[in-house]
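Asker: Sharing entry-v1.txt here; it has compact mmCIF, C-alpha atoms.
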# COMPACT_ATOMS: atom_id res chain seq x y z
CA MET A 1 -14.55 -31.86 15.25
CA ARG A 2 -13.44 -29.37 17.90
CA LYS A 3 -16.08 -26.67 18.31
CA ASN A 4 -15.18 -23.08 17.49
CA LYS A 5 -15.30 -21.27 20.83
CA LEU A 6 -15.88 -17.92 19.16
CA LYS A 7 -19.15 -19.08 17.64
CA GLN A 8 -20.23 -20.30 21.05
CA ILE A 9 -19.42 -16.93 22.64
CA TRP A 10 -21.39 -15.09 19.98
CA ALA A 11 -24.33 -17.47 20.29
CA SER A 12 -24.53 -16.64 24.01
CA GLY A 13 -24.53 -12.90 23.25
CA GLY A 14 -20.91 -12.28 24.24
CA THR A 15 -18.09 -10.24 22.73
CA VAL A 16 -14.86 -11.85 21.53
CA THR A 17 -11.47 -10.40 22.48
CA VAL A 18 -8.58 -10.92 20.09
CA GLY A 19 -4.82 -10.76 20.58
CA TRP A 20 -2.70 -9.79 17.56
CA LEU A 21 0.72 -11.13 16.57
CA HIS A 22 3.27 -9.24 14.47
CA ILE A 23 6.43 -10.76 15.98
CA PRO A 24 7.46 -14.03 14.24
CA ASN A 25 8.19 -16.02 17.37
CA THR A 26 6.53 -18.98 19.09
CA TRP A 27 7.39 -17.69 22.57
CA THR A 28 5.59 -14.40 21.91
CA ALA A 29 2.63 -16.35 20.54
CA GLU A 30 2.55 -18.58 23.61
CA LEU A 31 2.77 -15.59 25.97
CA MET A 32 -0.07 -13.78 24.22
CA ALA A 33 -2.24 -16.90 24.07
CA ASN A 34 -1.86 -17.41 27.82
CA VAL A 35 -3.07 -13.89 28.65
CA GLY A 36 -6.72 -14.89 28.27
CA TRP A 37 -7.73 -13.64 24.82
CA ASP A 38 -10.60 -15.60 23.27
CA ALA A 39 -8.61 -15.76 20.03
CA VAL A 40 -5.11 -14.89 18.88
CA THR A 41 -4.46 -13.84 15.28
CA VAL A 42 -1.24 -14.42 13.38
CA ASP A 43 -1.01 -11.40 11.09
CA MET A 44 0.44 -12.37 7.72
CA GLN A 45 -0.30 -8.94 6.21
CA HIS A 46 1.61 -6.54 8.44
CA GLY A 47 3.36 -9.07 10.65
CA LEU A 48 6.81 -10.47 9.84
CA HIS A 49 5.91 -14.14 9.52
CA ASN A 50 6.37 -16.72 6.81
CA ILE A 51 4.06 -19.73 6.46
CA GLU A 52 6.30 -22.08 8.47
CA THR A 53 6.60 -19.62 11.36
CA ALA A 54 2.87 -18.93 11.27
CA ILE A 55 2.03 -22.62 11.64
CA GLN A 56 4.53 -23.02 14.48
CA MET A 57 2.94 -20.03 16.21
CA MET A 58 -0.51 -21.57 15.82
CA GLN A 59 0.89 -24.72 17.42
CA ALA A 60 1.95 -22.59 20.41
CA ILE A 61 -1.46 -20.91 20.56
CA SER A 62 -3.11 -24.33 20.46
CA THR A 63 -1.60 -25.27 23.83
CA THR A 64 -4.19 -22.89 25.34
CA ASP A 65 -7.95 -22.36 25.00
CA ALA A 66 -7.40 -19.40 22.65
CA VAL A 67 -8.69 -19.95 19.12
CA PRO A 68 -5.88 -19.79 16.52
CA MET A 69 -6.66 -17.42 13.67
CA ALA A 70 -4.76 -15.77 10.83
CA ARG A 71 -5.02 -12.64 8.76
CA VAL A 72 -3.84 -13.42 5.24
CA ASN A 73 -1.69 -10.96 3.35
CA TRP A 74 -4.21 -10.68 0.51
CA ASN A 75 -7.35 -12.19 -0.99
CA GLU A 76 -5.47 -15.07 -2.62
CA PRO A 77 -6.93 -18.60 -2.45
CA GLY A 78 -3.68 -20.52 -2.14
CA GLY A 79 -2.52 -18.58 0.91
CA ILE A 80 -5.92 -18.85 2.55
CA MET A 81 -6.10 -22.62 2.06
CA ARG A 82 -2.56 -23.24 3.36
CA LEU A 83 -3.28 -21.42 6.61
CA LEU A 84 -6.54 -23.33 7.04
CA ASP A 85 -4.74 -26.62 6.39
CA GLY A 86 -2.19 -25.47 8.98
CA GLY A 87 -4.87 -25.20 11.65
CA ALA A 88 -6.29 -21.68 11.51
CA TYR A 89 -9.86 -21.74 12.83
CA GLY A 90 -10.69 -18.45 11.17
CA ILE A 91 -9.34 -16.34 8.34
CA ILE A 92 -9.41 -12.54 8.26
CA CYS A 93 -9.04 -11.19 4.74
CA PRO A 94 -7.88 -7.58 4.17
CA MET A 95 -9.11 -5.06 1.61
CA VAL A 96 -12.37 -6.71 0.58
CA ASN A 97 -13.99 -3.98 -1.50
CA THR A 98 -16.83 -5.62 -3.42
CA GLY A 99 -19.36 -8.40 -3.18
CA ALA A 100 -17.50 -10.37 -5.85
CA GLU A 101 -14.24 -10.15 -3.91
CA CYS A 102 -16.02 -11.27 -0.76
CA GLU A 103 -17.60 -14.21 -2.55
CA ALA A 104 -14.17 -15.31 -3.83
CA PHE A 105 -12.75 -15.05 -0.31
CA VAL A 106 -15.52 -17.02 1.37
CA GLY A 107 -15.38 -19.67 -1.35
CA ALA A 108 -11.69 -20.27 -0.60
CA CYS A 109 -12.61 -20.99 3.04
CA ARG A 110 -15.35 -23.54 2.26
CA TYR A 111 -15.28 -27.06 0.88
CA PRO A 112 -17.63 -27.89 -2.01
CA PRO A 113 -20.47 -27.49 -2.60
CA GLU A 114 -20.37 -24.26 -0.53
CA GLY A 115 -17.00 -23.20 -1.91
CA TYR A 116 -13.92 -24.39 -3.78
CA ARG A 117 -11.40 -25.11 -1.02
CA SER A 118 -9.14 -28.03 -1.89
CA PHE A 119 -9.25 -30.95 0.52
CA GLY A 120 -6.04 -31.70 2.43
CA PRO A 121 -6.32 -30.54 6.07
CA THR A 122 -2.80 -31.66 7.00
CA ARG A 123 -2.43 -30.21 10.50
CA ALA A 124 -6.04 -29.06 10.84
CA ARG A 125 -7.17 -32.67 11.13
CA VAL A 126 -4.76 -33.19 14.05
CA TYR A 127 -5.85 -30.03 15.89
CA ALA A 128 -9.56 -30.26 15.14
CA GLY A 129 -10.27 -33.98 14.82
CA LEU A 130 -10.37 -36.69 12.17
CA ASP A 131 -13.89 -35.62 11.14
CA TYR A 132 -12.63 -32.15 10.23
CA GLY A 133 -13.74 -32.48 6.62
CA ASP A 134 -17.32 -33.21 7.67
CA PHE A 135 -17.78 -30.10 9.80
CA ALA A 136 -15.18 -27.52 8.73
CA ASN A 137 -17.71 -25.47 6.77
CA GLU A 138 -19.72 -25.07 9.97
CA GLU A 139 -16.87 -24.20 12.35
CA ILE A 140 -14.28 -22.25 10.34
CA LEU A 141 -14.80 -18.48 10.37
CA ALA A 142 -14.59 -16.33 7.24
CA ILE A 143 -14.13 -12.68 8.20
CA ALA A 144 -13.89 -9.94 5.57
CA MET A 145 -12.15 -6.65 6.29
CA VAL A 146 -13.96 -3.45 5.36
CA GLU A 147 -11.35 -0.72 5.39
CA THR A 148 -11.84 1.58 2.41
CA LYS A 149 -14.32 4.14 1.16
CA LYS A 150 -15.16 1.79 -1.72
CA ALA A 151 -15.91 -1.06 0.67
CA VAL A 152 -18.31 1.12 2.67
CA GLU A 153 -20.06 2.08 -0.56
CA ASN A 154 -20.44 -1.65 -1.34
CA ILE A 155 -21.24 -2.76 2.21
CA GLU A 156 -24.65 -4.19 1.28
CA ASP A 157 -23.14 -6.51 -1.33
CA ILE A 158 -20.33 -7.55 1.00
CA ALA A 159 -22.53 -8.21 4.03
CA SER A 160 -25.04 -10.23 2.02
CA THR A 161 -22.38 -12.72 0.83
CA LYS A 162 -23.53 -16.25 1.63
CA GLY A 163 -21.28 -17.96 4.14
CA LEU A 164 -19.64 -14.80 5.51
CA ASP A 165 -19.44 -14.84 9.31
CA ALA A 166 -18.21 -11.39 10.22
CA ILE A 167 -16.98 -8.03 8.99
CA PHE A 168 -13.85 -6.60 10.56
CA VAL A 169 -13.12 -2.88 10.33
CA GLY A 170 -9.52 -1.92 9.67
CA SER A 171 -9.66 1.41 11.50
CA GLY A 172 -6.40 2.85 10.22
CA ASP A 173 -6.96 2.21 6.52
CA LEU A 174 -10.63 3.19 6.70
CA ARG A 175 -9.82 6.50 8.32
CA LEU A 176 -6.99 7.05 5.83
CA THR A 177 -9.15 6.47 2.74
CA LEU A 178 -11.97 8.63 4.11
CA THR A 179 -9.96 11.55 5.51
CA GLY A 180 -6.40 11.29 4.22
CA ASN A 181 -5.12 10.84 7.77
CA VAL A 182 -4.82 7.81 10.04
CA LYS A 183 -5.23 9.90 13.18
CA PRO A 184 -8.55 11.31 14.47
CA GLY A 185 -9.12 14.94 13.56
CA ASP A 186 -11.75 17.54 12.76
CA ASP A 187 -13.05 15.35 9.92
CA ASN A 188 -13.81 12.46 12.29
CA ARG A 189 -17.48 12.70 11.26
CA LEU A 190 -16.82 10.78 8.03
CA PHE A 191 -15.26 7.91 9.97
CA ASP A 192 -18.06 7.85 12.55
CA GLU A 193 -20.71 7.82 9.82
CA ALA A 194 -18.96 4.92 8.09
CA ILE A 195 -18.84 2.98 11.37
CA ASP A 196 -22.56 3.51 11.89
CA THR A 197 -23.28 2.34 8.34
CA ILE A 198 -21.20 -0.81 8.81
CA LEU A 199 -22.86 -1.61 12.14
CA SER A 200 -26.41 -1.16 10.85
CA THR A 201 -25.69 -3.25 7.73
CA CYS A 202 -24.14 -6.05 9.77
CA LYS A 203 -27.22 -6.09 12.00
CA LYS A 204 -29.50 -6.18 8.96
CA HIS A 205 -27.72 -9.21 7.50
CA ASN A 206 -27.01 -10.97 10.83
CA ILE A 207 -23.25 -10.58 10.38
CA LEU A 208 -20.97 -10.13 13.40
CA PRO A 209 -19.20 -6.72 13.42
CA GLY A 210 -15.57 -6.45 14.51
CA ILE A 211 -12.97 -3.72 14.74
CA TRP A 212 -9.29 -3.12 15.52
CA CYS A 213 -8.69 -0.65 18.34
CA PRO A 214 -5.55 1.31 19.29
CA THR A 215 -6.37 1.73 23.00
CA PRO A 216 -8.45 -0.02 25.69
CA GLU A 217 -10.60 3.12 25.95
CA HIS A 218 -11.41 2.98 22.25
CA ALA A 219 -12.09 -0.75 22.50
CA LYS A 220 -14.59 -0.21 25.32
CA ALA A 221 -16.33 2.55 23.33
CA MET A 222 -16.59 0.32 20.25
CA LYS A 223 -17.95 -2.55 22.34
CA ALA A 224 -20.60 -0.19 23.71
CA LYS A 225 -21.54 0.76 20.13
CA GLY A 226 -22.20 -2.88 19.28
CA PHE A 227 -18.95 -4.37 17.99
CA ARG A 228 -18.56 -7.99 19.11
CA PHE A 229 -15.10 -8.88 17.81
CA ILE A 230 -12.52 -6.57 19.38
CA ALA A 231 -8.82 -6.65 18.53
CA LEU A 232 -6.46 -4.48 20.58
CA GLN A 233 -3.07 -3.28 19.31
CA SER A 234 -0.49 -6.03 18.63
CA ASP A 235 2.37 -7.73 20.42
CA SER A 236 4.93 -5.41 18.82
CA MET A 237 2.91 -2.30 19.69
CA MET A 238 2.51 -3.46 23.29
CA LEU A 239 6.21 -4.25 23.66
CA ASN A 240 7.29 -0.99 22.08
CA GLY A 241 4.84 1.08 24.11
CA TYR A 242 5.66 -0.50 27.45
CA ALA A 243 9.40 -0.48 26.80
CA ARG A 244 9.24 3.25 26.05
CA LYS A 245 7.21 3.85 29.22
CA LEU A 246 9.74 1.98 31.35
CA TYR A 247 12.63 3.85 29.77
CA ASN A 248 10.97 7.23 30.22
CA ASP A 249 10.11 6.40 33.84
CA LEU A 250 13.75 5.44 34.37
CA VAL A 251 15.33 8.57 32.94
CA ASP A 252 12.81 11.12 34.27
Would you write out, as structure tokens, the structure that this file holds?

Answerer:
Amino acid sequence: MRKNKLKQIWASGGTVTVGWLHIPNTWTAELMANVGWDAVTVDMQHGLHNIETAIQMMQAISTTDAVPMARVNWNEPGGIMRLLDGGAYGIICPMVNTGAECEAFVGACRYPPEGYRSFGPTRARVYAGLDYGDFANEEILAIAMVETKKAVENIEDIASTKGLDAIFVGSGDLRLTLTGNVKPGDDNRLFDEAIDTILSTCKKHNILPGIWCPTPEHAKAMKAKGFRFIALQSDSMMLNGYARKLYNDLVD
């Protein structure tokens, strides 16, 4: 089976960079995958994709060395398993708030006896190799999102879930549930304290910490704090931001 490059990067002490796809288009996926990201994630939660488009985008990503990943729209086993069968080498699951929810998520990513994933790796076997079923539990990443006040309160139970590879902080939702605002403000202390709690708990349980970042400056600061899975903006945010910059430069 094809080795998961992200696990190899982490094993060598490195930090993984992640591109993010909201636009349902194979050309955008191919462009982003060729930039140099270690992984590219098809976002089924806030992106505009359906399952067919998502698999086609993962096919485009797979023409490069970038690892194809997907964020599911919810903690629902059927959706998780379809994306894995379609070739996702890692699943990011949003709004994991308890240990029980995390256990259900991880179980959907693992074949028995470690989980309850149904066997039928239709495209995954083509991308990864005919021995996919023998080694998928070792190579496929299960990444739970911690992005609410409740999840931070239950971080010990979440991080101690057997088979969980990483915790990914959804910065916007976490800040929103803690402060009532998605933008940094005077109450930033609550967010910073939550980040420190997540980092220390991940270290305690040998779980990789990850985070979504709105700017390169924020990404560098989070990397310095110890995050080792860094996602930056999204294709739609980058296009919108740069298009606005070009327009403003033109009309000034």

Asker: Quick one: residues within 12 Å of stretch 130-141 of chain A, all atoms listed in the file, excluding same-chain residues fewer than 4 positions away - as a PDB file with C-alpha atoms, in the coordinates of the input?

Answerer:
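Written output follows (out-v3.pdb):
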ATOM      1  CA  MET A   1     -14.550 -31.860  15.250  1.00  0.00           C
ATOM      2  CA  ARG A   2     -13.440 -29.370  17.900  1.00  0.00           C
ATOM      3  CA  LYS A   3     -16.080 -26.670  18.310  1.00  0.00           C
ATOM      4  CA  ASN A   4     -15.180 -23.080  17.490  1.00  0.00           C
ATOM      5  CA  LYS A   5     -15.300 -21.270  20.830  1.00  0.00           C
ATOM      6  CA  LEU A   6     -15.880 -17.920  19.160  1.00  0.00           C
ATOM      7  CA  LYS A   7     -19.150 -19.080  17.640  1.00  0.00           C
ATOM      8  CA  GLN A   8     -20.230 -20.300  21.050  1.00  0.00           C
ATOM      9  CA  ALA A  39      -8.610 -15.760  20.030  1.00  0.00           C
ATOM     10  CA  VAL A  67      -8.690 -19.950  19.120  1.00  0.00           C
ATOM     11  CA  PRO A  68      -5.880 -19.790  16.520  1.00  0.00           C
ATOM     12  CA  MET A  69      -6.660 -17.420  13.670  1.00  0.00           C
ATOM     13  CA  ALA A  70      -4.760 -15.770  10.830  1.00  0.00           C
ATOM     14  CA  ARG A  71      -5.020 -12.640   8.760  1.00  0.00           C
ATOM     15  CA  ILE A  80      -5.920 -18.850   2.550  1.00  0.00           C
ATOM     16  CA  MET A  81      -6.100 -22.620   2.060  1.00  0.00           C
ATOM     17  CA  LEU A  83      -3.280 -21.420   6.610  1.00  0.00           C
ATOM     18  CA  LEU A  84      -6.540 -23.330   7.040  1.00  0.00           C
ATOM     19  CA  ASP A  85      -4.740 -26.620   6.390  1.00  0.00           C
ATOM     20  CA  GLY A  87      -4.870 -25.200  11.650  1.00  0.00           C
ATOM     21  CA  ALA A  88      -6.290 -21.680  11.510  1.00  0.00           C
ATOM     22  CA  TYR A  89      -9.860 -21.740  12.830  1.00  0.00           C
ATOM     23  CA  GLY A  90     -10.690 -18.450  11.170  1.00  0.00           C
ATOM     24  CA  ILE A  91      -9.340 -16.340   8.340  1.00  0.00           C
ATOM     25  CA  ILE A  92      -9.410 -12.540   8.260  1.00  0.00           C
ATOM     26  CA  CYS A  93      -9.040 -11.190   4.740  1.00  0.00           C
ATOM     27  CA  PHE A 105     -12.750 -15.050  -0.310  1.00  0.00           C
ATOM     28  CA  VAL A 106     -15.520 -17.020   1.370  1.00  0.00           C
ATOM     29  CA  GLY A 107     -15.380 -19.670  -1.350  1.00  0.00           C
ATOM     30  CA  ALA A 108     -11.690 -20.270  -0.600  1.00  0.00           C
ATOM     31  CA  CYS A 109     -12.610 -20.990   3.040  1.00  0.00           C
ATOM     32  CA  ARG A 110     -15.350 -23.540   2.260  1.00  0.00           C
ATOM     33  CA  TYR A 111     -15.280 -27.060   0.880  1.00  0.00           C
ATOM     34  CA  PRO A 112     -17.630 -27.890  -2.010  1.00  0.00           C
ATOM     35  CA  PRO A 113     -20.470 -27.490  -2.600  1.00  0.00           C
ATOM     36  CA  GLU A 114     -20.370 -24.260  -0.530  1.00  0.00           C
ATOM     37  CA  GLY A 115     -17.000 -23.200  -1.910  1.00  0.00           C
ATOM     38  CA  TYR A 116     -13.920 -24.390  -3.780  1.00  0.00           C
ATOM     39  CA  ARG A 117     -11.400 -25.110  -1.020  1.00  0.00           C
ATOM     40  CA  SER A 118      -9.140 -28.030  -1.890  1.00  0.00           C
ATOM     41  CA  PHE A 119      -9.250 -30.950   0.520  1.00  0.00           C
ATOM     42  CA  GLY A 120      -6.040 -31.700   2.430  1.00  0.00           C
ATOM     43  CA  PRO A 121      -6.320 -30.540   6.070  1.00  0.00           C
ATOM     44  CA  THR A 122      -2.800 -31.660   7.000  1.00  0.00           C
ATOM     45  CA  ARG A 123      -2.430 -30.210  10.500  1.00  0.00           C
ATOM     46  CA  ALA A 124      -6.040 -29.060  10.840  1.00  0.00           C
ATOM     47  CA  ARG A 125      -7.170 -32.670  11.130  1.00  0.00           C
ATOM     48  CA  VAL A 126      -4.760 -33.190  14.050  1.00  0.00           C
ATOM     49  CA  GLY A 163     -21.280 -17.960   4.140  1.00  0.00           C
ATOM     50  CA  LEU A 164     -19.640 -14.800   5.510  1.00  0.00           C
ATOM     51  CA  ASP A 165     -19.440 -14.840   9.310  1.00  0.00           C
ATOM     52  CA  ALA A 166     -18.210 -11.390  10.220  1.00  0.00           C
ATOM     53  CA  ILE A 167     -16.980  -8.030   8.990  1.00  0.00           C
ATOM     54  CA  PHE A 168     -13.850  -6.600  10.560  1.00  0.00           C
ATOM     55  CA  ILE A 207     -23.250 -10.580  10.380  1.00  0.00           C
ATOM     56  CA  LEU A 208     -20.970 -10.130  13.400  1.00  0.00           C
TER      57      LEU A 208
END

Asker: Restricting the calculation to only C-alpha atoms, which member of A:Leu21, A:Val146, A:Leu250, A:Leu239 is positioned closest to A:Thr177?

Answerer: A:Val146

Asker: In Å, how far is it from atom CA of A:Val72 to atom CA of A:Ser200?

Answerer: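 Calculated distance between atom CA of A:Val72 and atom CA of A:Ser200 is 26.3 Å.
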
Asker: Find the residues near A:Trp74: any atom within 9 Å, counting all atoms listed in the file, skip ones fewer than 5 places away on the same chain, and give them as a VMD selection string.

Answerer: chain A and resid 44 to 45 79 to 80 93 to 95

Asker: In the coordinate frame of the file, compute which residues have an atom within 10 Å of (5.6, -18.0, 8.0) when using only C-alpha atoms, and state them as a ChimeraX atom specification.

Answerer: /A:24-25,42-44,47-57,83

Asker: Calculated over only C-alpha atoms, which of the candidates A:Gly19, A:Ile158, A:Met238, A:Ala224 has the smallest distance to A:Asn34?

Answerer: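 Closest candidate: A:Gly19.
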
Asker: Here is a test: counting all atoms listed in the file, which residue of A:Trp37, A:Gly226, A:His205, A:Asn97 is nearest to A:Leu174?

Answerer: A:Asn97

Asker: Between A:Asn181, A:Tyr127, A:Glu147, A:Lys203, which residue has the minimum interatomic distance to A:Ala159, considering all atoms listed in the file?

Answerer: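 Answer, going by the shortest atom-to-atom distance: A:Lys203.
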
Asker: At what distance in Å, to one decimal, does atom CA of A:Phe229 lie from atom CA of A:Ile9?

Answerer: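 A separation of 10.3 Å between them.
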
Asker: Between atom CA of A:Asp235 and atom CA of A:Thr64, measure the distance and give it in Å to one decimal.

Answerer: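 So the answer is 17.2 Å.
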
Asker: Measuring between all atoms listed in the file, which one of A:Thr98, A:Thr215, A:Asn154, A:Thr15 shows the shortest distance to A:Ser234?

Answerer: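 For A:Ser234, the nearest of the given residues is A:Thr215.
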
Asker: Could you tell me which of A:Val251, A:Ala243, A:Ala100, A:Ala29 comes closest to A:Ala66 if we count only C-alpha atoms?

Answerer: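 Nearest to A:Ala66: A:Ala29.
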
Asker: For stretch 85-113 of chain A, supply N, CA and C atoms and format the output as a short mmCIF file (atom, residue, chain, number, x, y, z; two decimals), keeping the file's coordinate frame.

Answerer:
data_model
loop_
_atom_site.label_atom_id
_atom_site.label_comp_id
_atom_site.auth_asym_id
_atom_site.auth_seq_id
_atom_site.Cartn_x
_atom_site.Cartn_y
_atom_site.Cartn_z
N ASP A 85 -5.30 -25.27 6.25
CA ASP A 85 -4.74 -26.62 6.39
C ASP A 85 -3.75 -26.68 7.55
N GLY A 86 -3.13 -25.54 7.87
CA GLY A 86 -2.19 -25.47 8.98
C GLY A 86 -2.84 -25.33 10.34
N GLY A 87 -4.17 -25.21 10.37
CA GLY A 87 -4.87 -25.20 11.65
C GLY A 87 -5.56 -23.92 12.05
N ALA A 88 -5.55 -22.90 11.19
CA ALA A 88 -6.29 -21.68 11.51
C ALA A 88 -7.78 -21.98 11.59
N TYR A 89 -8.43 -21.51 12.66
CA TYR A 89 -9.86 -21.74 12.83
C TYR A 89 -10.69 -20.55 12.34
N GLY A 90 -10.01 -19.59 11.77
CA GLY A 90 -10.69 -18.45 11.17
C GLY A 90 -9.69 -17.69 10.33
N ILE A 91 -10.18 -17.14 9.22
CA ILE A 91 -9.34 -16.34 8.34
C ILE A 91 -9.93 -14.94 8.24
N ILE A 92 -9.06 -13.94 8.46
CA ILE A 92 -9.41 -12.54 8.26
C ILE A 92 -8.75 -12.09 6.96
N CYS A 93 -9.56 -11.56 6.05
CA CYS A 93 -9.04 -11.19 4.74
C CYS A 93 -9.07 -9.67 4.57
N PRO A 94 -7.92 -9.04 4.29
CA PRO A 94 -7.88 -7.58 4.17
C PRO A 94 -8.43 -7.08 2.84
N MET A 95 -8.78 -5.81 2.83
CA MET A 95 -9.11 -5.06 1.61
C MET A 95 -10.15 -5.75 0.73
N VAL A 96 -11.24 -6.18 1.34
CA VAL A 96 -12.37 -6.71 0.58
C VAL A 96 -13.26 -5.54 0.22
N ASN A 97 -13.33 -5.22 -1.07
CA ASN A 97 -13.99 -3.98 -1.50
C ASN A 97 -15.31 -4.16 -2.23
N THR A 98 -15.61 -5.39 -2.67
CA THR A 98 -16.83 -5.62 -3.42
C THR A 98 -17.46 -6.95 -3.02
N GLY A 99 -18.70 -7.14 -3.44
CA GLY A 99 -19.36 -8.40 -3.18
C GLY A 99 -18.67 -9.55 -3.88
N ALA A 100 -18.19 -9.32 -5.09
CA ALA A 100 -17.50 -10.37 -5.85
C ALA A 100 -16.21 -10.79 -5.15
N GLU A 101 -15.47 -9.82 -4.64
CA GLU A 101 -14.24 -10.15 -3.91
C GLU A 101 -14.56 -10.93 -2.64
N CYS A 102 -15.63 -10.56 -1.98
CA CYS A 102 -16.02 -11.27 -0.76
C CYS A 102 -16.45 -12.70 -1.07
N GLU A 103 -17.17 -12.87 -2.15
CA GLU A 103 -17.60 -14.21 -2.55
C GLU A 103 -16.40 -15.10 -2.86
N ALA A 104 -15.39 -14.54 -3.53
CA ALA A 104 -14.17 -15.31 -3.83
C ALA A 104 -13.46 -15.69 -2.55
N PHE A 105 -13.40 -14.76 -1.59
CA PHE A 105 -12.75 -15.05 -0.31
C PHE A 105 -13.46 -16.15 0.45
N VAL A 106 -14.76 -16.02 0.61
CA VAL A 106 -15.52 -17.02 1.37
C VAL A 106 -15.42 -18.38 0.69
N GLY A 107 -15.47 -18.41 -0.62
CA GLY A 107 -15.38 -19.67 -1.35
C GLY A 107 -14.08 -20.41 -1.09
N ALA A 108 -12.98 -19.65 -0.88
CA ALA A 108 -11.69 -20.27 -0.60
C ALA A 108 -11.65 -20.90 0.80
N CYS A 109 -12.56 -20.47 1.67
CA CYS A 109 -12.61 -20.99 3.04
C CYS A 109 -13.55 -22.18 3.19
N ARG A 110 -14.30 -22.52 2.17
CA ARG A 110 -15.35 -23.54 2.26
C ARG A 110 -15.11 -24.68 1.27
N TYR A 111 -15.33 -25.90 1.76
CA TYR A 111 -15.28 -27.06 0.88
C TYR A 111 -16.54 -27.09 0.01
N PRO A 112 -16.45 -27.72 -1.18
CA PRO A 112 -17.63 -27.89 -2.01
C PRO A 112 -18.72 -28.66 -1.26
N PRO A 113 -19.99 -28.37 -1.52
CA PRO A 113 -20.47 -27.49 -2.60
C PRO A 113 -20.57 -26.02 -2.20
#
